[in-house]
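S.K.: Input structure: upload.txt, which contains compact mmCIF, N, CA and C atoms.
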```txt
# COMPACT_ATOMS: atom_id res chain seq x y z
N ALA A 1 -53.27 47.56 -8.92
CA ALA A 1 -54.20 47.54 -7.80
C ALA A 1 -53.59 46.79 -6.62
N VAL A 2 -52.85 45.71 -6.91
CA VAL A 2 -52.23 44.93 -5.83
C VAL A 2 -51.17 45.76 -5.12
N LEU A 3 -50.38 46.50 -5.87
CA LEU A 3 -49.34 47.32 -5.25
C LEU A 3 -49.94 48.47 -4.44
N ALA A 4 -51.03 49.04 -4.92
CA ALA A 4 -51.70 50.11 -4.17
C ALA A 4 -52.25 49.58 -2.86
N GLU A 5 -52.84 48.39 -2.89
CA GLU A 5 -53.36 47.78 -1.67
C GLU A 5 -52.22 47.43 -0.71
N THR A 6 -51.12 46.94 -1.26
CA THR A 6 -49.95 46.62 -0.44
C THR A 6 -49.40 47.88 0.23
N ALA A 7 -49.37 48.98 -0.50
CA ALA A 7 -48.91 50.25 0.07
C ALA A 7 -49.80 50.66 1.23
N GLU A 8 -51.10 50.46 1.10
CA GLU A 8 -52.02 50.81 2.19
C GLU A 8 -51.77 49.92 3.41
N TYR A 9 -51.61 48.63 3.20
CA TYR A 9 -51.35 47.72 4.31
C TYR A 9 -50.01 48.03 4.98
N LEU A 10 -49.02 48.35 4.20
CA LEU A 10 -47.72 48.70 4.76
C LEU A 10 -47.82 50.00 5.56
N GLY A 11 -48.56 50.96 5.05
CA GLY A 11 -48.79 52.20 5.78
C GLY A 11 -49.53 51.97 7.09
N ALA A 12 -50.51 51.07 7.07
CA ALA A 12 -51.24 50.74 8.30
C ALA A 12 -50.30 50.06 9.30
N GLY A 13 -49.42 49.19 8.81
CA GLY A 13 -48.44 48.56 9.70
C GLY A 13 -47.47 49.57 10.29
N PHE A 14 -47.04 50.51 9.48
CA PHE A 14 -46.17 51.58 9.99
C PHE A 14 -46.91 52.41 11.03
N ALA A 15 -48.20 52.65 10.80
CA ALA A 15 -48.99 53.41 11.77
C ALA A 15 -49.04 52.69 13.11
N ASP A 16 -49.18 51.37 13.08
CA ASP A 16 -49.16 50.61 14.33
C ASP A 16 -47.81 50.76 15.04
N LEU A 17 -46.72 50.68 14.28
CA LEU A 17 -45.39 50.86 14.87
C LEU A 17 -45.24 52.26 15.46
N ILE A 18 -45.74 53.25 14.74
CA ILE A 18 -45.65 54.63 15.23
C ILE A 18 -46.43 54.80 16.52
N ASN A 19 -47.65 54.24 16.57
CA ASN A 19 -48.47 54.37 17.76
C ASN A 19 -47.88 53.62 18.96
N LEU A 20 -47.27 52.47 18.72
CA LEU A 20 -46.74 51.67 19.82
C LEU A 20 -45.39 52.16 20.33
N PHE A 21 -44.48 52.46 19.41
CA PHE A 21 -43.09 52.73 19.80
C PHE A 21 -42.67 54.19 19.64
N GLN A 22 -43.43 54.98 18.92
CA GLN A 22 -43.12 56.39 18.67
C GLN A 22 -41.67 56.60 18.23
N PRO A 23 -41.25 55.95 17.14
CA PRO A 23 -39.87 56.09 16.68
C PRO A 23 -39.63 57.45 16.04
N GLU A 24 -38.38 57.85 16.01
CA GLU A 24 -38.02 59.09 15.31
C GLU A 24 -38.03 58.90 13.81
N ARG A 25 -37.68 57.68 13.38
CA ARG A 25 -37.54 57.43 11.94
C ARG A 25 -37.84 55.97 11.65
N ILE A 26 -38.48 55.73 10.52
CA ILE A 26 -38.68 54.39 9.99
C ILE A 26 -37.99 54.34 8.64
N LEU A 27 -37.08 53.39 8.48
CA LEU A 27 -36.36 53.25 7.22
C LEU A 27 -36.82 51.99 6.50
N VAL A 28 -37.15 52.15 5.23
CA VAL A 28 -37.53 51.02 4.39
C VAL A 28 -36.29 50.62 3.61
N GLY A 29 -35.91 49.35 3.72
CA GLY A 29 -34.68 48.92 3.07
C GLY A 29 -34.83 47.54 2.46
N GLY A 30 -33.70 46.94 2.18
CA GLY A 30 -33.69 45.63 1.55
C GLY A 30 -33.98 45.74 0.07
N TRP A 31 -34.04 44.60 -0.59
CA TRP A 31 -34.22 44.62 -2.04
C TRP A 31 -35.61 45.14 -2.41
N ALA A 32 -36.63 44.80 -1.63
CA ALA A 32 -37.98 45.27 -1.95
C ALA A 32 -38.08 46.78 -1.76
N GLY A 33 -37.48 47.28 -0.69
CA GLY A 33 -37.50 48.71 -0.45
C GLY A 33 -36.77 49.49 -1.54
N LEU A 34 -35.67 48.93 -2.03
CA LEU A 34 -34.93 49.62 -3.08
C LEU A 34 -35.67 49.59 -4.42
N GLN A 35 -36.38 48.48 -4.68
CA GLN A 35 -37.09 48.36 -5.95
C GLN A 35 -38.38 49.19 -5.97
N LEU A 36 -39.11 49.18 -4.87
CA LEU A 36 -40.44 49.79 -4.86
C LEU A 36 -40.50 51.09 -4.06
N GLY A 37 -39.49 51.35 -3.27
CA GLY A 37 -39.54 52.48 -2.35
C GLY A 37 -39.72 53.84 -3.00
N THR A 38 -38.98 54.11 -4.05
CA THR A 38 -39.06 55.44 -4.64
C THR A 38 -40.43 55.70 -5.26
N ARG A 39 -41.06 54.64 -5.75
CA ARG A 39 -42.36 54.81 -6.40
C ARG A 39 -43.51 54.88 -5.40
N PHE A 40 -43.42 54.13 -4.29
CA PHE A 40 -44.56 54.02 -3.39
C PHE A 40 -44.34 54.61 -2.01
N LEU A 41 -43.18 55.20 -1.75
CA LEU A 41 -42.90 55.70 -0.41
C LEU A 41 -43.85 56.81 0.01
N GLU A 42 -44.17 57.72 -0.89
CA GLU A 42 -45.10 58.81 -0.55
C GLU A 42 -46.49 58.28 -0.22
N THR A 43 -46.94 57.26 -0.98
CA THR A 43 -48.25 56.66 -0.72
C THR A 43 -48.25 55.96 0.63
N VAL A 44 -47.20 55.20 0.92
CA VAL A 44 -47.10 54.49 2.20
C VAL A 44 -47.05 55.50 3.34
N SER A 45 -46.27 56.56 3.19
CA SER A 45 -46.19 57.59 4.23
C SER A 45 -47.54 58.25 4.46
N GLY A 46 -48.27 58.50 3.38
CA GLY A 46 -49.59 59.11 3.52
C GLY A 46 -50.55 58.23 4.31
N TYR A 47 -50.57 56.95 4.01
CA TYR A 47 -51.42 56.03 4.77
C TYR A 47 -50.97 55.92 6.22
N ALA A 48 -49.66 55.90 6.45
CA ALA A 48 -49.16 55.81 7.82
C ALA A 48 -49.60 57.02 8.63
N ARG A 49 -49.51 58.20 8.06
CA ARG A 49 -49.94 59.42 8.77
C ARG A 49 -51.45 59.47 8.95
N GLU A 50 -52.17 58.91 7.99
CA GLU A 50 -53.63 58.89 8.08
C GLU A 50 -54.11 57.96 9.20
N TYR A 51 -53.47 56.80 9.35
CA TYR A 51 -53.92 55.81 10.32
C TYR A 51 -53.30 55.98 11.71
N ALA A 52 -52.18 56.69 11.81
CA ALA A 52 -51.50 56.85 13.09
C ALA A 52 -52.10 58.01 13.88
N LEU A 53 -51.79 58.02 15.16
CA LEU A 53 -52.19 59.16 15.99
C LEU A 53 -51.42 60.40 15.54
N THR A 54 -52.04 61.55 15.65
CA THR A 54 -51.49 62.78 15.07
C THR A 54 -50.14 63.17 15.68
N HIS A 55 -50.04 63.18 17.00
CA HIS A 55 -48.80 63.64 17.63
C HIS A 55 -47.60 62.73 17.31
N PRO A 56 -47.71 61.42 17.52
CA PRO A 56 -46.54 60.59 17.18
C PRO A 56 -46.21 60.61 15.69
N ALA A 57 -47.24 60.68 14.84
CA ALA A 57 -46.99 60.69 13.39
C ALA A 57 -46.26 61.94 12.95
N SER A 58 -46.52 63.07 13.62
CA SER A 58 -45.84 64.31 13.24
C SER A 58 -44.37 64.30 13.62
N ARG A 59 -43.98 63.42 14.54
CA ARG A 59 -42.59 63.36 15.00
C ARG A 59 -41.80 62.23 14.36
N THR A 60 -42.42 61.47 13.45
CA THR A 60 -41.76 60.31 12.85
C THR A 60 -41.50 60.56 11.37
N GLY A 61 -40.28 60.35 10.95
CA GLY A 61 -39.93 60.44 9.53
C GLY A 61 -39.87 59.05 8.90
N ILE A 62 -40.35 58.94 7.67
CA ILE A 62 -40.30 57.68 6.95
C ILE A 62 -39.45 57.90 5.71
N GLY A 63 -38.43 57.08 5.53
CA GLY A 63 -37.52 57.26 4.40
C GLY A 63 -36.95 55.94 3.92
N LEU A 64 -36.10 56.04 2.91
CA LEU A 64 -35.44 54.86 2.34
C LEU A 64 -34.09 54.65 3.01
N GLY A 65 -33.77 53.40 3.29
CA GLY A 65 -32.46 53.07 3.83
C GLY A 65 -31.40 53.24 2.76
N THR A 66 -30.20 53.56 3.18
CA THR A 66 -29.12 53.81 2.23
C THR A 66 -28.02 52.75 2.27
N LEU A 67 -28.23 51.69 3.04
CA LEU A 67 -27.18 50.67 3.17
C LEU A 67 -27.23 49.62 2.08
N GLY A 68 -28.25 49.64 1.24
CA GLY A 68 -28.32 48.70 0.14
C GLY A 68 -29.00 47.40 0.51
N PRO A 69 -29.02 46.47 -0.43
CA PRO A 69 -29.76 45.22 -0.19
C PRO A 69 -29.09 44.28 0.81
N GLU A 70 -27.85 44.53 1.16
CA GLU A 70 -27.12 43.66 2.08
C GLU A 70 -27.12 44.20 3.51
N ALA A 71 -28.01 45.13 3.84
CA ALA A 71 -27.99 45.76 5.16
C ALA A 71 -28.19 44.76 6.29
N VAL A 72 -29.10 43.82 6.13
CA VAL A 72 -29.36 42.84 7.18
C VAL A 72 -28.15 41.95 7.39
N THR A 73 -27.52 41.54 6.31
CA THR A 73 -26.34 40.68 6.41
C THR A 73 -25.19 41.41 7.10
N VAL A 74 -24.98 42.66 6.74
CA VAL A 74 -23.91 43.44 7.36
C VAL A 74 -24.20 43.64 8.84
N GLY A 75 -25.47 43.93 9.18
CA GLY A 75 -25.83 44.10 10.58
C GLY A 75 -25.61 42.84 11.38
N ALA A 76 -25.98 41.70 10.82
CA ALA A 76 -25.78 40.43 11.52
C ALA A 76 -24.29 40.12 11.68
N ALA A 77 -23.49 40.47 10.69
CA ALA A 77 -22.05 40.22 10.78
C ALA A 77 -21.40 41.09 11.84
N LEU A 78 -21.98 42.24 12.14
CA LEU A 78 -21.41 43.13 13.14
C LEU A 78 -21.72 42.71 14.57
N LEU A 79 -22.73 41.87 14.78
CA LEU A 79 -23.12 41.49 16.14
C LEU A 79 -21.98 40.87 16.95
N PRO A 80 -21.19 39.93 16.41
CA PRO A 80 -20.07 39.40 17.20
C PRO A 80 -19.03 40.47 17.53
N LEU A 81 -18.80 41.39 16.61
CA LEU A 81 -17.83 42.46 16.89
C LEU A 81 -18.33 43.39 17.99
N VAL A 82 -19.60 43.71 17.96
CA VAL A 82 -20.17 44.57 19.00
C VAL A 82 -20.04 43.90 20.36
N ASP A 83 -20.32 42.61 20.42
CA ASP A 83 -20.19 41.87 21.68
C ASP A 83 -18.74 41.84 22.14
N PHE A 84 -17.82 41.62 21.22
CA PHE A 84 -16.39 41.58 21.54
C PHE A 84 -15.92 42.91 22.13
N PHE A 85 -16.30 44.01 21.49
CA PHE A 85 -15.87 45.32 21.98
C PHE A 85 -16.61 45.72 23.25
N ALA A 86 -17.82 45.21 23.47
CA ALA A 86 -18.54 45.50 24.71
C ALA A 86 -17.85 44.86 25.90
N GLN A 87 -17.11 43.78 25.67
CA GLN A 87 -16.36 43.12 26.73
C GLN A 87 -14.97 43.70 26.89
N GLY A 88 -14.70 44.80 26.27
CA GLY A 88 -13.41 45.46 26.39
C GLY A 88 -12.36 44.90 25.45
N GLY A 89 -12.75 44.14 24.45
CA GLY A 89 -11.80 43.60 23.50
C GLY A 89 -11.05 42.39 24.03
N ARG A 90 -11.58 41.75 25.06
CA ARG A 90 -10.93 40.58 25.63
C ARG A 90 -11.88 39.39 25.58
N ARG A 91 -11.28 38.23 25.46
CA ARG A 91 -12.08 37.01 25.55
C ARG A 91 -12.42 36.76 27.01
N PRO A 92 -13.57 36.16 27.25
CA PRO A 92 -13.90 35.85 28.65
C PRO A 92 -12.91 34.84 29.22
N GLU A 93 -12.54 35.07 30.47
CA GLU A 93 -11.58 34.18 31.12
C GLU A 93 -12.26 32.85 31.41
N SER A 94 -11.57 31.78 31.08
CA SER A 94 -12.11 30.46 31.36
C SER A 94 -11.63 30.02 32.74
N LYS A 95 -12.54 29.40 33.48
CA LYS A 95 -12.21 28.93 34.82
C LYS A 95 -11.62 27.52 34.70
N PRO A 96 -10.66 27.18 35.57
CA PRO A 96 -10.11 25.83 35.50
C PRO A 96 -11.20 24.82 35.85
N PRO A 97 -11.17 23.65 35.21
CA PRO A 97 -12.21 22.66 35.50
C PRO A 97 -12.09 22.16 36.93
N ILE A 98 -13.24 21.97 37.56
CA ILE A 98 -13.28 21.46 38.92
C ILE A 98 -13.33 19.94 38.85
N PRO A 99 -12.41 19.26 39.51
CA PRO A 99 -12.42 17.79 39.44
C PRO A 99 -13.67 17.24 40.12
N ALA A 100 -14.16 16.14 39.58
CA ALA A 100 -15.33 15.48 40.15
C ALA A 100 -14.97 14.87 41.50
N PRO A 101 -15.93 14.80 42.42
CA PRO A 101 -15.66 14.16 43.71
C PRO A 101 -15.26 12.70 43.51
N ALA A 102 -14.53 12.17 44.46
CA ALA A 102 -14.02 10.79 44.36
C ALA A 102 -15.14 9.78 44.25
N TRP A 103 -16.24 9.98 44.99
CA TRP A 103 -17.35 9.02 44.93
C TRP A 103 -17.98 8.97 43.55
N GLN A 104 -18.03 10.14 42.86
CA GLN A 104 -18.62 10.19 41.52
C GLN A 104 -17.72 9.47 40.51
N SER A 105 -16.41 9.67 40.65
CA SER A 105 -15.47 9.00 39.75
C SER A 105 -15.53 7.49 39.93
N ALA A 106 -15.61 7.03 41.21
CA ALA A 106 -15.68 5.60 41.50
C ALA A 106 -16.97 5.00 40.94
N LEU A 107 -18.07 5.75 41.05
CA LEU A 107 -19.34 5.25 40.54
C LEU A 107 -19.31 5.16 39.02
N GLN A 108 -18.71 6.12 38.35
CA GLN A 108 -18.61 6.09 36.89
C GLN A 108 -17.73 4.93 36.42
N ASP A 109 -16.67 4.62 37.21
CA ASP A 109 -15.79 3.49 36.85
C ASP A 109 -16.55 2.18 36.92
N ARG A 110 -17.44 2.02 37.88
CA ARG A 110 -18.20 0.77 38.04
C ARG A 110 -19.26 0.62 36.95
N VAL A 111 -19.86 1.75 36.54
CA VAL A 111 -20.94 1.70 35.56
C VAL A 111 -20.40 1.56 34.15
N SER A 112 -19.26 2.17 33.85
CA SER A 112 -18.69 2.13 32.50
C SER A 112 -18.23 0.73 32.16
N PRO A 113 -18.46 0.25 30.92
CA PRO A 113 -18.02 -1.10 30.53
C PRO A 113 -16.52 -1.19 30.34
```
Would you write out, as structure tokens, the structure that this file holds?

M.R.:
Amino acid sequence: AVLAETAEYLGAGFADLINLFQPERILVGGWAGLQLGTRFLETVSGYAREYALTHPASRTGIGLGTLGPEAVTVGAALLPLVDFFAQGGRRPESKPPIPAPAWQSALQDRVSP
């Protein structure tokens, strides 16, 4: 009964996502998705289509992710690489430090013990 209720709540949440963002596809992944997805995906999809608006729901597919339980970790590990390649594969150029004005240096010398 708990899993059936959870499937309904998940379907209602998917319906909210469908109504707000109108995605082409929703993928269920991670360890929970892999463990429970094959058994409850049809039920969750049914609730999502029932609670969502008809037009966006007809254009959205709901399925299981295929990247495995480490998908979030792999995605997070790729973020620095994506940023690096977005900059053309170069590190940002560092600007030479600007020396402090003479009055500021003199004031720091007087204040420092």

S.K.: Rank nothing, just name the residue among A:Ala12, A:Val28, A:Ala48, A:Ile98 nearest to Val72 (chain A), using only C-alpha atoms.

M.R.: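 Under the stated criterion, the closest residue is A:Val28.
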
S.K.: Would you compute the distance between atom C of Gly61 (chain A) and CA of Ala77 (chain A)? Give it in Å to one decimal.

M.R.: 26.0 Å

S.K.: If you measure from atom N of Ser58 (chain A) to CA of Ser45 (chain A), what distance in Å do you get, rounded to one decimal?

M.R.: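 Between atom N of Ser58 (chain A) and CA of Ser45 (chain A) the gap works out to 10.9 Å.
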
S.K.: Taking into account only C-alpha atoms, which residue in the set A:Pro96, A:Gly68, A:Gly88, A:Gly11 is nearest to Glu50 (chain A)?

M.R.: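 Of all the options, A:Gly11 lies closest to Glu50 (chain A).
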
S.K.: If you run DSSP on this backbone, which residues of chain A come out as strand (DSSP E), and could you give them as a ChimeraX atom specification?

M.R.: /A:25-28,61-64

S.K.: Considering only C-alpha atoms, state which residue in the set A:Val82, A:Ala71, A:Val2, A:Ile62 is at the smallest distance from Pro23 (chain A).

M.R.: A:Ile62

S.K.: Pick from A:Gln104, A:Asn19, A:Gln35, A:Gln87: nearest to Leu64 (chain A), with only C-alpha atoms counted?

M.R.: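 Of A:Gln104, A:Asn19, A:Gln35, A:Gln87, the one nearest Leu64 (chain A) is A:Gln35, counting only C-alpha atoms.
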
S.K.: DSSP on the backbone, then: every residue of region 8-58 of chain A marked helix (DSSP H, G or I), written as a ChimeraX atom specification.

M.R.: /A:8-21,30-51,54-58

S.K.: Taking 5 positions as the minimum chain separation for residues in the same chain, which residues sit within 6.5 Å of Ile18 (chain A) when counting only N, CA and C atoms? Answer as a list in words.

M.R.: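 Once the adjacent positions are removed, what remains is Gly13, Pro23, Ala52, Leu53, Pro56 and Ala57 of chain A.
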
S.K.: Let me make sure I understand: among A:Glu8, A:Gly30, A:Val111, A:Glu24, which one has the smallest atom-to-atom distance to Thr73 (chain A) if we use only C-alpha atoms?

M.R.: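 Smallest distance to Thr73 (chain A) is found for A:Gly30.
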
S.K.: Go through A:Ala4, A:Leu36, A:Arg59, A:Pro69 one by one, measure the shortest atom-to-atom distance of each to Gln22 (chain A) using all atoms listed in the file, and give the residue with the smallest value.

M.R.: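 Of A:Ala4, A:Leu36, A:Arg59, A:Pro69, the one nearest Gln22 (chain A), counting all atoms listed in the file, is A:Arg59.
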
S.K.: Provide the CA of Thr43 (chain A) to atom C of Phe21 (chain A) distance in Å, to one decimal place.

M.R.: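 So the two atoms, CA of Thr43 (chain A) and atom C of Phe21 (chain A), lie 21.3 Å apart.
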
S.K.: Can you tell me, as AutoDock Vina command-line options, the centre and edge lengths (Å, one decimal) of the axis-aligned box enclosing all of region 57-62 of chain A's listed atoms after padding each side by 3 Å?

M.R.:
```
--center_x -43.3 --center_y 61.0 --center_z 10.4 --size_x 13.8 --size_y 12.6 --size_z 15.3
```
